[in-house]
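Notes follow once the structure below has been shown.
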Amino acid sequence: MRASPHRVRSPLGAPAALLLALVTVVATLLGAAPAARADTLLCEQYGTATVQGRYVVQNNRWGTAATQCVTATDTGFRLTRADGAVPTDGPPKAYPSVFNGCHYTRCSPGTALPARLSGIASAPSAVSYGFVGDAVYNASYDIWLDPAPRTDGVNRTEIMIWFHRSGPVQPIGSPVGTATVGGRSWQVWTGGNGSNDVISFVAPSALAEWNFDVMDFVRETVARGMARNDWYLTSVQAGFEPWQNGAGLAVHSFSSAVNPGTPPTGPGEPGPAAACAVTFAPNVWTGGFTANVTVSHTGPAALDPWQLAFTLPPGQRITQAWNAAVTPSSGTVTATGAAHNGRIEAGGSQTFGFQGTYDGAFAPPSGFRLNGVACT
């Protein structure tokens, strides 16, 4: 990947210009992204520039051969040129974006990422988007998680926050219900793209700007069994996925921080990581079943509250539950203890049950995780 060239005239004369050229050469040899000034144009496929001294803007034109250019500004970027179009039932053209962390061998200056999830108290972020009306795209905030402190290549799980979508596009996978995260309601989709798992949180209406804690979405993902507390947060990114056109789209401002410490726990939040075992006892008849589930906690500290995530086989659907709230009704679901059994003591257990329907041959659920930790 090569940086976009700059032509600079020095008011100090040839010696200063020579020194500036020498600094640029050294930075290029070291692989550093050029520091972005206002209106730094990037048209190379994977061109990058540093903004605010700590984030990286990337053109990231990975899905088309058509020309795309972004202009890195003092606080973010805007999509200056976005030629061509791709089918809306497939992947987008690109992901022009700004990020904190490490992405495909490039790390933003001074980043605290990768960082283990269990060692992050909070990860505050703020973003302000600019939308256009003559394009097909989404405004997507990406959060990347991996079992290892990866600084290159593809991560295991991608969290996508769809702030806005325009045109007939939808997230990867299928809808699995709704969730309240960060005090807002979201449509939740889960699936995979062949390289990594994806969970998407889709805003019901356009959200142009927001201050929030990235860890709210991470904890929801852990509770749904798509990540673990001993995994790593590797990068957070704000940008756009365009399918058709897109010139004029902008991230006006972006900020991201990672505060180390013990993650908070409280009402509605999963407790500390735990070792666990699950006993699944079904009673099956043609097309239907009931099941009692016993969750045994073998960790050193009580869990209050507790959440058990697991995945139902295709064609299986929950119709009612007792001693726990189980949502959604199919796919990857989460059981949350009720008021009378919302705490599991160290060495203790809780039992809940549910009734459901199924198609074809009956099979038990899989992938049980208690507060994000895999169970036996």
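Chain lettering (A, B, ...) mirrors the order of the structure tokens, residue numbering begins at 1 for each chain separately, and ligand numbering begins at 1 in order of display.
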With a distance cut-off of 6 Å and only C-alpha atoms, select the neighbouring residues of A:Gly337, excluding the residue or stretch itself and same-chain residues fewer than 3 positions from it, and output the selection as a tab-separated table (two decimals) with N, CA, C and O atoms, in the first residue's frame.
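Contents of the output file part-v2.tsv:
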chain	number	residue	atom	x	y	z
A	324	ALA	N	-37.00	-18.23	33.47
A	324	ALA	CA	-36.01	-17.43	32.75
A	324	ALA	C	-36.70	-16.76	31.57
A	324	ALA	O	-37.70	-17.28	31.04
A	341	ASN	N	-34.50	-16.05	40.67
A	341	ASN	CA	-33.36	-16.95	40.50
A	341	ASN	C	-32.26	-16.31	39.65
A	341	ASN	O	-31.56	-16.99	38.91
A	342	GLY	N	-32.14	-15.00	39.76
A	342	GLY	CA	-31.18	-14.27	38.93
A	342	GLY	C	-29.74	-14.33	39.43
A	342	GLY	O	-28.86	-13.71	38.83
Notebook entry, point to check: Using only C-alpha atoms, which residues sit within 12 Å of A:Asn60 once same-chain residues fewer than 4 positions away are excluded, as JSON, numbers by chain?
Noted result: {"A": [1, 42, 43, 44, 45, 46, 47, 48, 49, 56, 64, 65, 67, 68, 69, 70, 79, 82, 92, 93, 94, 95, 96, 97, 98, 99, 103, 104, 237, 239, 240, 241, 242]}
Next item on the list: Would you mind writing down, as a ChimeraX atom specification, each residue of stretch 92-320 of chain A that DSSP on the backbone assigns to alpha helix (DSSP H)?
Entry: /A:214-223
With N, CA and C atoms kept, could you save the residues just selected as a PDB file, in the first residue's frame?
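Wrote selection_3.pdb, looks like this:
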ATOM      1  N   VAL A 214     -18.487   1.459  23.488  1.00  0.00           N
ATOM      2  CA  VAL A 214     -18.314   0.296  22.624  1.00  0.00           C
ATOM      3  C   VAL A 214     -18.532  -0.999  23.401  1.00  0.00           C
ATOM      4  N   MET A 215     -18.158  -1.023  24.681  1.00  0.00           N
ATOM      5  CA  MET A 215     -18.248  -2.250  25.470  1.00  0.00           C
ATOM      6  C   MET A 215     -19.686  -2.686  25.714  1.00  0.00           C
ATOM      7  N   ASP A 216     -20.659  -1.793  25.582  1.00  0.00           N
ATOM      8  CA  ASP A 216     -22.054  -2.208  25.689  1.00  0.00           C
ATOM      9  C   ASP A 216     -22.385  -3.234  24.607  1.00  0.00           C
ATOM     10  N   PHE A 217     -21.909  -2.990  23.391  1.00  0.00           N
ATOM     11  CA  PHE A 217     -22.152  -3.917  22.291  1.00  0.00           C
ATOM     12  C   PHE A 217     -21.292  -5.168  22.431  1.00  0.00           C
ATOM     13  N   VAL A 218     -20.083  -5.006  22.942  1.00  0.00           N
ATOM     14  CA  VAL A 218     -19.220  -6.164  23.158  1.00  0.00           C
ATOM     15  C   VAL A 218     -19.847  -7.101  24.190  1.00  0.00           C
ATOM     16  N   ARG A 219     -20.350  -6.547  25.296  1.00  0.00           N
ATOM     17  CA  ARG A 219     -20.958  -7.390  26.333  1.00  0.00           C
ATOM     18  C   ARG A 219     -22.208  -8.096  25.814  1.00  0.00           C
ATOM     19  N   GLU A 220     -22.998  -7.429  24.985  1.00  0.00           N
ATOM     20  CA  GLU A 220     -24.167  -8.070  24.392  1.00  0.00           C
ATOM     21  C   GLU A 220     -23.749  -9.218  23.492  1.00  0.00           C
ATOM     22  N   THR A 221     -22.663  -9.038  22.747  1.00  0.00           N
ATOM     23  CA  THR A 221     -22.156 -10.080  21.864  1.00  0.00           C
ATOM     24  C   THR A 221     -21.637 -11.270  22.660  1.00  0.00           C
ATOM     25  N   VAL A 222     -20.941 -11.004  23.753  1.00  0.00           N
ATOM     26  CA  VAL A 222     -20.466 -12.077  24.630  1.00  0.00           C
ATOM     27  C   VAL A 222     -21.646 -12.846  25.213  1.00  0.00           C
ATOM     28  N   ALA A 223     -22.663 -12.121  25.658  1.00  0.00           N
ATOM     29  CA  ALA A 223     -23.832 -12.767  26.241  1.00  0.00           C
ATOM     30  C   ALA A 223     -24.547 -13.661  25.244  1.00  0.00           C
TER      31      ALA A 223
END
Item checked: atom CA of A:Val57 to atom CA of A:Val86, distance in Å rounded to a single decimal -> 23.1 Å
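Considering the residues A:Ile120, A:Val293, A:Ala112, A:Ala135 and counting only C-alpha atoms, A:Trp322 has its shortest atom-to-atom contact with A:Val293.
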Next item on the list: Would you mind listing what lies within 9 Å of A:Ala206 as a list in words, with only C-alpha atoms counted and same-chain residues fewer than 6 positions away left out?
Entry: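 Counting only the stated atoms, we get Trp162, Phe163, His164 and Arg165 of chain A.
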Using only C-alpha atoms, determine which residues lie at most 6 Å from A:Ile159, disregarding the query and same-chain residues fewer than 5 positions distant; provide the list as a PDB file with C-alpha atoms, in the first residue's frame.
ATOM      1  CA  ASP A 142     -17.376  -1.859  13.074  1.00  0.00           C
ATOM      2  CA  ILE A 143     -16.012  -3.497  16.232  1.00  0.00           C
ATOM      3  CA  VAL A 198     -21.019 -11.221  12.104  1.00  0.00           C
ATOM      4  CA  ILE A 199     -23.561  -9.747  14.507  1.00  0.00           C
ATOM      5  CA  SER A 200     -25.304  -6.576  13.326  1.00  0.00           C
TER       6      SER A 200
END
Checklist line | In stretch 146-204 of chain A, DSSP strand (DSSP E) residues written as number ranges by chain | finding: A: 146, 157-166, 174-181, 184-192, 197-202
Requested write-out: N, CA, C and O atoms of the selected residues, as a short mmCIF file (atom, residue, chain, number, x, y, z; two decimals), in the first residue's frame:
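The result, stored in result-v5.cif:
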data_model
loop_
_atom_site.label_atom_id
_atom_site.label_comp_id
_atom_site.auth_asym_id
_atom_site.auth_seq_id
_atom_site.Cartn_x
_atom_site.Cartn_y
_atom_site.Cartn_z
N ASP A 146 -11.24 -10.91 18.58
CA ASP A 146 -10.52 -12.12 18.21
C ASP A 146 -10.00 -12.82 19.45
O ASP A 146 -9.68 -12.16 20.45
N THR A 157 -14.76 -12.42 15.10
CA THR A 157 -16.12 -11.89 15.17
C THR A 157 -16.14 -10.40 14.85
O THR A 157 -15.32 -9.63 15.37
N GLU A 158 -17.07 -10.01 14.01
CA GLU A 158 -17.27 -8.62 13.62
C GLU A 158 -18.62 -8.15 14.16
O GLU A 158 -19.65 -8.76 13.91
N ILE A 159 -18.61 -7.07 14.93
CA ILE A 159 -19.83 -6.42 15.39
C ILE A 159 -20.06 -5.21 14.49
O ILE A 159 -19.19 -4.35 14.36
N MET A 160 -21.23 -5.13 13.87
CA MET A 160 -21.56 -4.00 13.02
C MET A 160 -22.73 -3.23 13.63
O MET A 160 -23.75 -3.83 13.97
N ILE A 161 -22.58 -1.93 13.77
CA ILE A 161 -23.66 -1.07 14.21
C ILE A 161 -24.11 -0.26 12.99
O ILE A 161 -23.37 0.60 12.51
N TRP A 162 -25.31 -0.55 12.51
CA TRP A 162 -25.83 0.16 11.33
C TRP A 162 -26.53 1.42 11.81
O TRP A 162 -27.69 1.38 12.23
N PHE A 163 -25.86 2.56 11.70
CA PHE A 163 -26.46 3.83 12.07
C PHE A 163 -27.52 4.28 11.07
O PHE A 163 -28.44 4.99 11.44
N HIS A 164 -27.38 3.85 9.83
CA HIS A 164 -28.32 4.25 8.77
C HIS A 164 -28.12 3.33 7.59
O HIS A 164 -27.02 2.82 7.35
N ARG A 165 -29.21 3.10 6.83
CA ARG A 165 -29.08 2.39 5.56
C ARG A 165 -30.00 3.04 4.54
O ARG A 165 -31.10 3.49 4.87
N SER A 166 -29.52 3.08 3.30
CA SER A 166 -30.27 3.70 2.21
C SER A 166 -30.31 2.72 1.05
O SER A 166 -29.27 2.27 0.57
N SER A 174 -29.43 -13.40 9.08
CA SER A 174 -30.88 -13.26 9.22
C SER A 174 -31.22 -12.59 10.54
O SER A 174 -30.43 -12.60 11.48
N PRO A 175 -32.41 -11.98 10.63
CA PRO A 175 -32.80 -11.31 11.88
C PRO A 175 -33.09 -12.33 12.97
O PRO A 175 -33.69 -13.38 12.72
N VAL A 176 -32.68 -12.02 14.21
CA VAL A 176 -32.88 -12.93 15.34
C VAL A 176 -33.62 -12.25 16.48
O VAL A 176 -33.67 -12.79 17.58
N GLY A 177 -34.17 -11.07 16.24
CA GLY A 177 -34.93 -10.38 17.28
C GLY A 177 -34.46 -8.96 17.47
O GLY A 177 -33.88 -8.35 16.57
N THR A 178 -34.70 -8.43 18.66
CA THR A 178 -34.30 -7.08 19.00
C THR A 178 -33.52 -7.09 20.31
O THR A 178 -33.56 -8.06 21.06
N ALA A 179 -32.83 -5.99 20.58
CA ALA A 179 -32.08 -5.85 21.83
C ALA A 179 -32.01 -4.37 22.18
O ALA A 179 -32.02 -3.50 21.31
N THR A 180 -31.93 -4.10 23.47
CA THR A 180 -31.69 -2.75 23.95
C THR A 180 -30.24 -2.66 24.38
O THR A 180 -29.82 -3.36 25.31
N VAL A 181 -29.47 -1.85 23.69
CA VAL A 181 -28.04 -1.69 23.96
C VAL A 181 -27.73 -0.20 23.98
O VAL A 181 -28.15 0.54 23.09
N ARG A 184 -30.70 2.21 23.65
CA ARG A 184 -31.45 2.29 22.40
C ARG A 184 -31.90 0.90 21.96
O ARG A 184 -31.27 -0.10 22.30
N SER A 185 -32.97 0.87 21.18
CA SER A 185 -33.48 -0.39 20.65
C SER A 185 -32.87 -0.65 19.28
O SER A 185 -32.75 0.27 18.45
N TRP A 186 -32.50 -1.91 19.04
CA TRP A 186 -31.85 -2.30 17.79
C TRP A 186 -32.47 -3.58 17.26
O TRP A 186 -32.84 -4.47 18.03
N GLN A 187 -32.55 -3.70 15.93
CA GLN A 187 -32.82 -4.97 15.28
C GLN A 187 -31.50 -5.74 15.24
O GLN A 187 -30.46 -5.18 14.88
N VAL A 188 -31.54 -7.03 15.58
CA VAL A 188 -30.31 -7.82 15.66
C VAL A 188 -30.32 -8.89 14.56
O VAL A 188 -31.30 -9.62 14.39
N TRP A 189 -29.21 -8.96 13.82
CA TRP A 189 -29.00 -9.97 12.79
C TRP A 189 -27.72 -10.73 13.13
O TRP A 189 -26.76 -10.15 13.65
N THR A 190 -27.70 -12.03 12.83
CA THR A 190 -26.47 -12.80 12.98
C THR A 190 -26.25 -13.66 11.74
O THR A 190 -27.20 -14.05 11.06
N GLY A 191 -24.99 -13.92 11.46
CA GLY A 191 -24.63 -14.75 10.31
C GLY A 191 -23.13 -14.81 10.16
O GLY A 191 -22.37 -14.51 11.09
N GLY A 192 -22.67 -15.20 8.98
CA GLY A 192 -21.25 -15.28 8.69
C GLY A 192 -21.01 -14.98 7.23
O GLY A 192 -21.90 -15.16 6.39
N ASP A 197 -17.55 -14.55 11.82
CA ASP A 197 -18.94 -14.40 12.29
C ASP A 197 -19.29 -12.91 12.35
O ASP A 197 -18.43 -12.07 12.60
N VAL A 198 -20.57 -12.62 12.12
CA VAL A 198 -21.02 -11.22 12.10
C VAL A 198 -22.30 -11.10 12.93
O VAL A 198 -23.23 -11.88 12.75
N ILE A 199 -22.33 -10.13 13.83
CA ILE A 199 -23.56 -9.75 14.51
C ILE A 199 -23.79 -8.28 14.21
O ILE A 199 -22.87 -7.46 14.34
N SER A 200 -25.00 -7.94 13.75
CA SER A 200 -25.30 -6.58 13.33
C SER A 200 -26.44 -6.01 14.17
O SER A 200 -27.44 -6.69 14.42
N PHE A 201 -26.26 -4.77 14.61
CA PHE A 201 -27.28 -4.04 15.35
C PHE A 201 -27.76 -2.90 14.45
O PHE A 201 -26.98 -1.99 14.14
N VAL A 202 -29.02 -2.96 14.03
CA VAL A 202 -29.54 -2.03 13.02
C VAL A 202 -30.47 -1.03 13.68
O VAL A 202 -31.46 -1.40 14.32
#
Notebook entry, point to check: Using only C-alpha atoms, which residue out of A:Gly356, A:Gly173, A:Gly348, A:Pro149 lies closest to A:Ala302?
Noted result: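 Going through A:Gly356, A:Gly173, A:Gly348, A:Pro149 one by one, the smallest distance to A:Ala302 is for A:Gly348.
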Next item on the list: Find, counting only C-alpha atoms, the residue in A:Asn283, A:Asn196, A:Ser140, A:Gln58 that gets nearest to A:Cys107.
Entry: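 Looking only at the distances to A:Cys107, the closest residue turns out to be A:Gln58.
Atom CA of A:Gly246 to atom CA of A:Thr40 spans 18.4 Å [interatomic distance, one decimal].
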Please provide as a PDB file with N, CA and C atoms, in the first residue's frame all residues within 8 Å of A:Gln355, with the sequence filter that same-chain residues fewer than 4 positions apart are discarded (counting only C-alpha atoms).
ATOM      1  N   GLY A 288     -42.858 -31.350  18.483  1.00  0.00           N
ATOM      2  CA  GLY A 288     -42.781 -30.492  19.661  1.00  0.00           C
ATOM      3  C   GLY A 288     -41.943 -31.096  20.769  1.00  0.00           C
ATOM      4  N   PHE A 289     -41.627 -30.296  21.778  1.00  0.00           N
ATOM      5  CA  PHE A 289     -40.810 -30.774  22.886  1.00  0.00           C
ATOM      6  C   PHE A 289     -40.879 -29.788  24.047  1.00  0.00           C
ATOM      7  N   THR A 290     -40.504 -30.270  25.215  1.00  0.00           N
ATOM      8  CA  THR A 290     -40.178 -29.415  26.357  1.00  0.00           C
ATOM      9  C   THR A 290     -38.783 -29.776  26.812  1.00  0.00           C
ATOM     10  N   ALA A 291     -38.149 -28.885  27.534  1.00  0.00           N
ATOM     11  CA  ALA A 291     -36.799 -29.155  28.014  1.00  0.00           C
ATOM     12  C   ALA A 291     -36.574 -28.440  29.333  1.00  0.00           C
ATOM     13  N   ILE A 318     -38.662 -21.634  20.057  1.00  0.00           N
ATOM     14  CA  ILE A 318     -39.187 -21.622  21.415  1.00  0.00           C
ATOM     15  C   ILE A 318     -40.530 -20.896  21.426  1.00  0.00           C
ATOM     16  N   THR A 319     -41.536 -21.515  22.065  1.00  0.00           N
ATOM     17  CA  THR A 319     -42.869 -20.913  22.137  1.00  0.00           C
ATOM     18  C   THR A 319     -43.171 -20.331  23.512  1.00  0.00           C
ATOM     19  N   GLN A 320     -42.575 -20.876  24.560  1.00  0.00           N
ATOM     20  CA  GLN A 320     -42.730 -20.309  25.893  1.00  0.00           C
ATOM     21  C   GLN A 320     -41.601 -20.799  26.784  1.00  0.00           C
ATOM     22  N   ALA A 321     -41.360 -20.083  27.892  1.00  0.00           N
ATOM     23  CA  ALA A 321     -40.283 -20.444  28.814  1.00  0.00           C
ATOM     24  C   ALA A 321     -40.722 -20.162  30.238  1.00  0.00           C
TER      25      ALA A 321
END
